Structure formats: C-alpha cells, structure tokens
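Each remark here refers to the structure printed beneath this line.
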There are 2 protein chains.
Amino acid sequence: MSIQGIHHVTIIGVGLLGGSTGLAIKALGGGIRVAGVGRRAGSLRAALKIGAIDSAHMDVAQAVGPSDLVILATPVGAFEHCLRAIRPHLKKGAVVTDVGSTKGAVVRLASRVLGPGGPFVGSHPMAGSERRGPAFARADLLAGATCILTPTAQTPPASVRRVEAFWRALGMRTLRMSPQAHDRAVAEISHLPQALASLLMLLPKAGHLKIAAGGFRDMTRLAGSDAQMWRDIFLTNPAAILDVMDRFDRSLARLRELVKRGDSRGLEKFFVAAKSRRSKTVARKHQEV
Amino acid sequence: MSIQGIHHVTIIGVGLLGGSTGLAIKALGGGIRVAGVGRRAGSLRAALKIGAIDSAHMDVAQAVGPSDLVILATPVGAFEHCLRAIRPHLKKGAVVTDVGSTKGAVVRLASRVLGPGGPFVGSHPMAGSERRGPAFARADLLAGATCILTPTAQTPPASVRRVEAFWRALGMRTLRMSPQAHDRAVAEISHLPQALASLLMLLPKAGHLKIAAGGFRDMTRLAGSDAQMWRDIFLTNPAAILDVMDRFDRSLARLRELVKRGDSRGLEKFFVAAKSRRSKTVARKHQEV
C-alpha cells in the first residue's frame, strides 16, 4: 500500500510531532517505510523503540535518498540547514513538506534553497501540546485536527494534492491558505495566546503564585512549551505578531477605561460578548457542555 | 456533631459555590442543618434534590433566625441587599461570611451595614469553575483548595477561628491576608487572567476561529464564566486591577520591542524565564509531569 505513490518517508526531527507522524504512518499498516533523522542518539533510540521509525540516521544524506516524501519536523530555525543538506540527495519526483508553525518565511526559504516551483509544499498540522520529545508522541495526535497547506502560485498542483492526501490518510482535515493569510491567522489564535501565557506567568509576585488555582494553571499552560521553538516562531512571523499585539493593546486600553470609569454596563457587555462568542464558536467546536 | 458550635448554616445563593458548600457540609454526616436561600425556585429545587440543602427559602428572614453561620454566596453585587436583609434576624453569636472574589469593598460594606467589629469575617474559597448553578455543584469542589480569610483589626478573633475551623472541616487549607493584600494578589492570579481570556476571545477575525486548536480553547476557557459575576468583581477591585493591567501593558511593550528588533537571545530568554518559573511553581504545585 502507498498514499499517492508514497512508499518511503523521511522525517527529520523525531520529537513530539515528528514522532507522532511516524506512529500514525506505521499505524496505517500499509508497509510504508519511515526513516528518522535526528541529532540526538537518545531521541532516535526512543523513536525506534516506540515504532515511530523503521531506521534511525544521524546523517540526512543516508536517509533521504529513497524517500518519496521528506518532512521537516525540527524547530523552524534549523530548516535552512536541513533544506541545504537534503537538496543534493532528493530523488526525482520527491516532495518536501514541513510541520512548522510559521509559513511565509519558511516558504520563501524553501523557494530560495530548492528553487521556485520546486518540490516544497508548506504544511502546518495544528496539533501538539506543551510537551516535547518522542516520549510524548502518540499515533492519534494528528487525527481529527486540521492541517493547513500553504501552496503558492509556483507550487506544482500535483505536489499539493500529494501532501494533502498524505495528511488526510493520517486522519487530518486539510485546508489551503496563502502563507501570508496563514501567518495572520495563527498570530491571532496561536502566537498571541502563547505571548499572553508567558507574560502572565512572569507577572505575579512570588508569594502570590502560592494561591494560584485552576484558572491560572490553565492560562499559563502554554508557557511550559519549548522556548527555542517559540523563539523561532516569533522570529519568523514578526509582522503579523506585531499587528496582533497592537490590536490586543488597544482592546486592553478600552477595557482599562471601563474599569477606571466603573462602567457597570460596559463591563457586563464586554464579558457577555466574550462568553457569547466563545459558546458559539470554540466551545461548540470542542463540544464542551 | 458540630464545627466549633456550628449546628445550623444558612447559605444565601445556591449556585456552584453555595451548592458545593452545602454538599460538603452534608457529606460530613454530623447532622448540621443547612438552609438555602435563593431567588429562583428552580435553583432551590435543584439544590434540595442533590441534597445540598435541607430546606429551601425565598425569604431570608425565615432562614437566618436559627443559624450559627450565614454564608453569602450570591454575586458580590447582591451583598448589600443580603446584608441588610439578614441584619435584623441574626441571632446573638452568629457569624457571617461570604465566598466573594474581592474583599476590600466587601469588608468595608459589611462593616458599614453590620457594624465595625461585627459578626462578619471575609472568606474567599479559591475554587470554582467557569460553570455556574447548582447542577455543577460537587461535594469535593472545595477539598484541597485554599480559602483566604481577610479579618481586620476590628474582627473578633473568636469569629475568625470559627470561620477558619468551618472551611478546614470541609477540607480546605486556610490562610489569612488583609483585604487589600488579598485584592492585589487575586488581581494578579485571577482577575488579570480573566481579562486576558475575554480579550483574547474577542480578538480573532471570525474566519480564523475555525482553525483554533487546544491552546486557544484552554486560553479562553475562563471567558465562558458568568458575566455578571465578573462585572461585579471588576467593579469592586478597580485599583488593584488597573495596577496589574498597567504592569501587564509594560511587559507586553517590552516583548513587542524584542519582536520588532528580531532579538533572538532576548526572545529565547523571555520564553525560558516563563517556562522555568512555571515548572518551579504552578506545574509543581499541580503535579503536572
């Protein structure tokens, strides 16, 4: 069995997402071979042990040769190095994708290194957690979640369909956006929340953290995420993040005015609007009661 | 059996916290009578049905007479009305407390209505959820959580000890703070998180909410909380909330500068600091892996 002619996949970076992708491929049971590439022998051993990869490699050249699909699953900051390393070894017809959280800079980089209209199709599987490493990988991490693909006018349609078929075979819903539209959307629903969680975590006086309850714990959960990954995300999506920070700052200033004026109706309206919007969207989608 | 001479308790407001308090008292099995007061017959019926109260009353006067302890568990905005209603009916030696989320304004109000050095001891059980109503009440909602008591120099020490013993009997840890110190602490660890959750919920463009994943869902969970309750909290703790908003705003501006400058080391340092602080405090306390 194969997915659109994909018989062999190389995953570069066998952490939470890379490892989960490998597990999901192997769970299909179609005999697709998965080669894993990593810098740490410990992570590779762990990925082998849980069955996320069939072979472990510290050398990209060795792994990539037979691959129909290469997936970059390292932090975005390592993508340039990875792309340069795989370029000489890609077989004809192979497609390259990634699981990075920003797309504009990544797609530009891939176009520069592999050529415009080259084998790269940007992907962003919207799944994960604040945990990292293959120890937290799960075969069902991706299933049911959304994967955004970000082809450009230069991307060959057949490559887009192939990558799309791949993520769908793993149970994901796929949708297409331009890299720029993607970056604006995730700045709102992912990058800003990360900034707020980390800022909130650093704000309280030390003594006050002792009485923090469930709300504070949930609101700061994202602050436990991998710092290097988030550094790279904030470095590669500055325009959209600055814009969303500005809008947040203006809405915070408006709320501040309501508090300062003791505006009872305005405050109630604010909390009602947020509650109502959540119940119609996020809560409904996630089927909370 | 009684707790420090408490044989009869009146709970005014049989919602999530009031209902859970009733259930926890009854779960002690010591025969303490619990009278519930509410404005809605439906809530009172629900509270009776789950066994959170022994008798249901829509008239405060009727319920309060035999009580050794009266607990205000309505939204803070209704406290003045409740205090005036119970005042003529309190028996000698009865103690009054509350479960409100702000304490400075509440303690001042109670002192004005019941007299300084009167029967009021402020309490803030740090438990709850974004759900409301007796349907979500649980006998174990309070157990293991912290209850902050906010006596003043005028509060009779015996009354403080009595209220302290009461919450401890229900499995809570108790600690004492001044009303002002309490309000500054909860502005940081509860009121600011609520503001951020609601602001974040209102920020994204409608189309972008469709791709929101688990992080956004968790970061906006608090936005689903009761709007009237939060209006009252923001109306009764403005000084501490404005101060904490200002500090948050300054830290957001500093993060904005790091993004604008593309400051890789600064961004990494920021995310590392937040992650490290969380793992040493909140994550450890809640025994997350």
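In the structure tokens, the first chain shown is A, the next is B, and so on; residue numbers restart at 1 for each chain, and ligands run from 1 in the order shown.
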With the cut-off set at 6 Å and counting only C-alpha atoms, tabulate each residue of chain A with an atom at most that distance from an atom of chain B, showing the nearest atom pair and its distance in Å to one decimal, ordered by chain and increasing number, as a tab-separated table.
residue	atom	partner	partner_atom	distance
A:Ala185	CA	B:His208	CA	5.5
A:Glu188	CA	B:Pro204	CA	5.5
A:Ile189	CA	B:Ala212	CA	5.7
A:Ser198	CA	B:Ala274	CA	5.2
A:Met201	CA	B:Ala274	CA	5.7
A:Leu202	CA	B:Ala274	CA	5.7
A:Pro204	CA	B:Glu188	CA	5.5
A:His208	CA	B:Ala185	CA	5.5
A:Ala212	CA	B:Ile189	CA	5.7
A:Phe216	CA	B:Ile189	CA	6.0
A:Met219	CA	B:Met219	CA	5.2
A:Ala223	CA	B:Lys275	CA	5.3
A:Gly224	CA	B:Lys275	CA	4.6
A:Ala227	CA	B:Phe271	CA	4.9
A:Arg231	CA	B:Glu268	CA	5.2
A:Leu235	CA	B:Gly262	CA	5.7
A:Pro238	CA	B:Val259	CA	5.9
A:Val259	CA	B:Pro238	CA	5.9
A:Gly262	CA	B:Leu235	CA	5.7
A:Leu267	CA	B:Arg231	CA	5.5
A:Glu268	CA	B:Arg231	CA	5.2
A:Phe271	CA	B:Ala227	CA	4.9
A:Val272	CA	B:Ala227	CA	5.4
A:Ala274	CA	B:Ser198	CA	5.2
A:Lys275	CA	B:Gly224	CA	4.6
Those in stretch 45-234 of chain A with strand (DSSP E or B) from DSSP, as a PyMOL selection string
chain A and resi 55-57+69-72+95-98+120+123-125+146-149+173-176
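Put simply, atom CA of A:Ile3 is 14.0 Å away from atom CA of A:Thr21.
DSSP, applied to the backbone of this structure, assigns helix (DSSP H, G or I) to the following residues of stretch 28-66 of chain A: Ala41, Gly42, Ser43, Leu44, Arg45, Ala46, Ala47, Leu48, Lys49, Val60, Ala61, Gln62, Ala63 and Val64 of chain A.
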Quick one: residues within 7 Å of stretch 97-101 of chain A, only C-alpha atoms counted, chain neighbours fewer than 3 positions away excluded, as a PyMOL selection string?
chain A and resi 70-73+76+120-125+233
Written selection (all heavy atoms) as a CSV table (one decimal), in the first residue's frame:
chain,number,residue,atom,x,y,z
A,70,VAL,N,9.7,13.9,2.2
A,70,VAL,CA,10.6,14.3,3.3
A,70,VAL,C,9.8,15.4,4.1
A,70,VAL,O,9.3,16.3,3.6
A,70,VAL,CB,11.9,14.9,2.8
A,70,VAL,CG1,12.8,15.4,3.9
A,70,VAL,CG2,12.6,13.9,1.9
A,71,ILE,N,9.8,15.1,5.4
A,71,ILE,CA,9.1,16.0,6.3
A,71,ILE,C,10.0,16.7,7.3
A,71,ILE,O,10.7,16.0,8.1
A,71,ILE,CB,8.0,15.2,7.1
A,71,ILE,CG1,7.0,14.5,6.2
A,71,ILE,CG2,7.2,16.2,8.1
A,71,ILE,CD1,6.1,13.6,6.9
A,72,LEU,N,10.1,18.0,7.2
A,72,LEU,CA,10.9,18.7,8.2
A,72,LEU,C,10.1,18.9,9.5
A,72,LEU,O,9.1,19.6,9.5
A,72,LEU,CB,11.3,20.1,7.7
A,72,LEU,CG,11.9,20.2,6.3
A,72,LEU,CD1,12.4,21.6,6.0
A,72,LEU,CD2,13.2,19.3,6.2
A,73,ALA,N,10.6,18.3,10.6
A,73,ALA,CA,9.9,18.4,11.9
A,73,ALA,C,10.8,18.9,13.0
A,73,ALA,O,10.6,18.6,14.2
A,73,ALA,CB,9.3,17.0,12.2
A,76,VAL,N,11.8,25.5,13.4
A,76,VAL,CA,11.9,26.3,12.2
A,76,VAL,C,13.4,26.8,12.0
A,76,VAL,O,13.8,26.9,10.8
A,76,VAL,CB,10.9,27.4,12.2
A,76,VAL,CG1,11.1,28.3,11.0
A,76,VAL,CG2,9.5,26.8,12.1
A,120,PHE,N,8.8,21.8,-2.7
A,120,PHE,CA,8.3,22.1,-1.4
A,120,PHE,C,6.9,22.6,-1.3
A,120,PHE,O,6.4,23.4,-2.1
A,120,PHE,CB,9.2,23.2,-0.7
A,120,PHE,CG,8.9,23.5,0.7
A,120,PHE,CD1,9.4,22.6,1.7
A,120,PHE,CD2,8.0,24.5,1.1
A,120,PHE,CE1,9.0,22.9,3.1
A,120,PHE,CE2,7.7,24.7,2.4
A,120,PHE,CZ,8.2,23.9,3.4
A,121,VAL,N,6.1,22.0,-0.4
A,121,VAL,CA,4.7,22.4,-0.1
A,121,VAL,C,4.7,22.6,1.4
A,121,VAL,O,4.9,21.7,2.2
A,121,VAL,CB,3.7,21.3,-0.5
A,121,VAL,CG1,2.3,21.8,-0.2
A,121,VAL,CG2,3.9,20.9,-1.9
A,122,GLY,N,4.4,23.8,1.8
A,122,GLY,CA,4.3,24.1,3.3
A,122,GLY,C,3.1,23.5,3.9
A,122,GLY,O,2.0,23.5,3.4
A,123,SER,N,3.3,22.9,5.1
A,123,SER,CA,2.2,22.3,5.9
A,123,SER,C,2.3,22.8,7.3
A,123,SER,O,3.4,23.0,7.9
A,123,SER,CB,2.3,20.8,6.0
A,123,SER,OG,2.2,20.2,4.7
A,124,HIS,N,1.2,22.9,8.0
A,124,HIS,CA,1.1,23.2,9.4
A,124,HIS,C,0.0,22.4,10.0
A,124,HIS,O,-1.1,22.8,10.1
A,124,HIS,CB,0.9,24.7,9.6
A,124,HIS,CG,0.8,25.1,11.1
A,124,HIS,ND1,0.4,26.3,11.6
A,124,HIS,CD2,1.2,24.4,12.2
A,124,HIS,CE1,0.5,26.3,12.9
A,124,HIS,NE2,1.0,25.2,13.3
A,125,PRO,N,0.4,21.2,10.5
A,125,PRO,CA,-0.6,20.4,11.3
A,125,PRO,C,-0.9,21.1,12.6
A,125,PRO,O,0.1,21.3,13.4
A,125,PRO,CB,0.1,19.1,11.5
A,125,PRO,CG,1.5,19.2,10.8
A,125,PRO,CD,1.7,20.6,10.5
A,233,ILE,N,9.5,30.9,16.2
A,233,ILE,CA,8.2,31.3,15.6
A,233,ILE,C,8.1,32.8,15.7
A,233,ILE,O,7.7,33.5,14.7
A,233,ILE,CB,7.0,30.7,16.4
A,233,ILE,CG1,6.9,29.2,16.1
A,233,ILE,CG2,5.7,31.3,16.1
A,233,ILE,CD1,6.0,28.4,17.0
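Our summary of the geometry notes that atom CA of A:Val113 is positioned 19.8 Å from atom CA of A:Pro157.
Our summary of the geometry notes that atom CA of B:Ile32 is positioned 12.6 Å from atom CA of B:Leu170.
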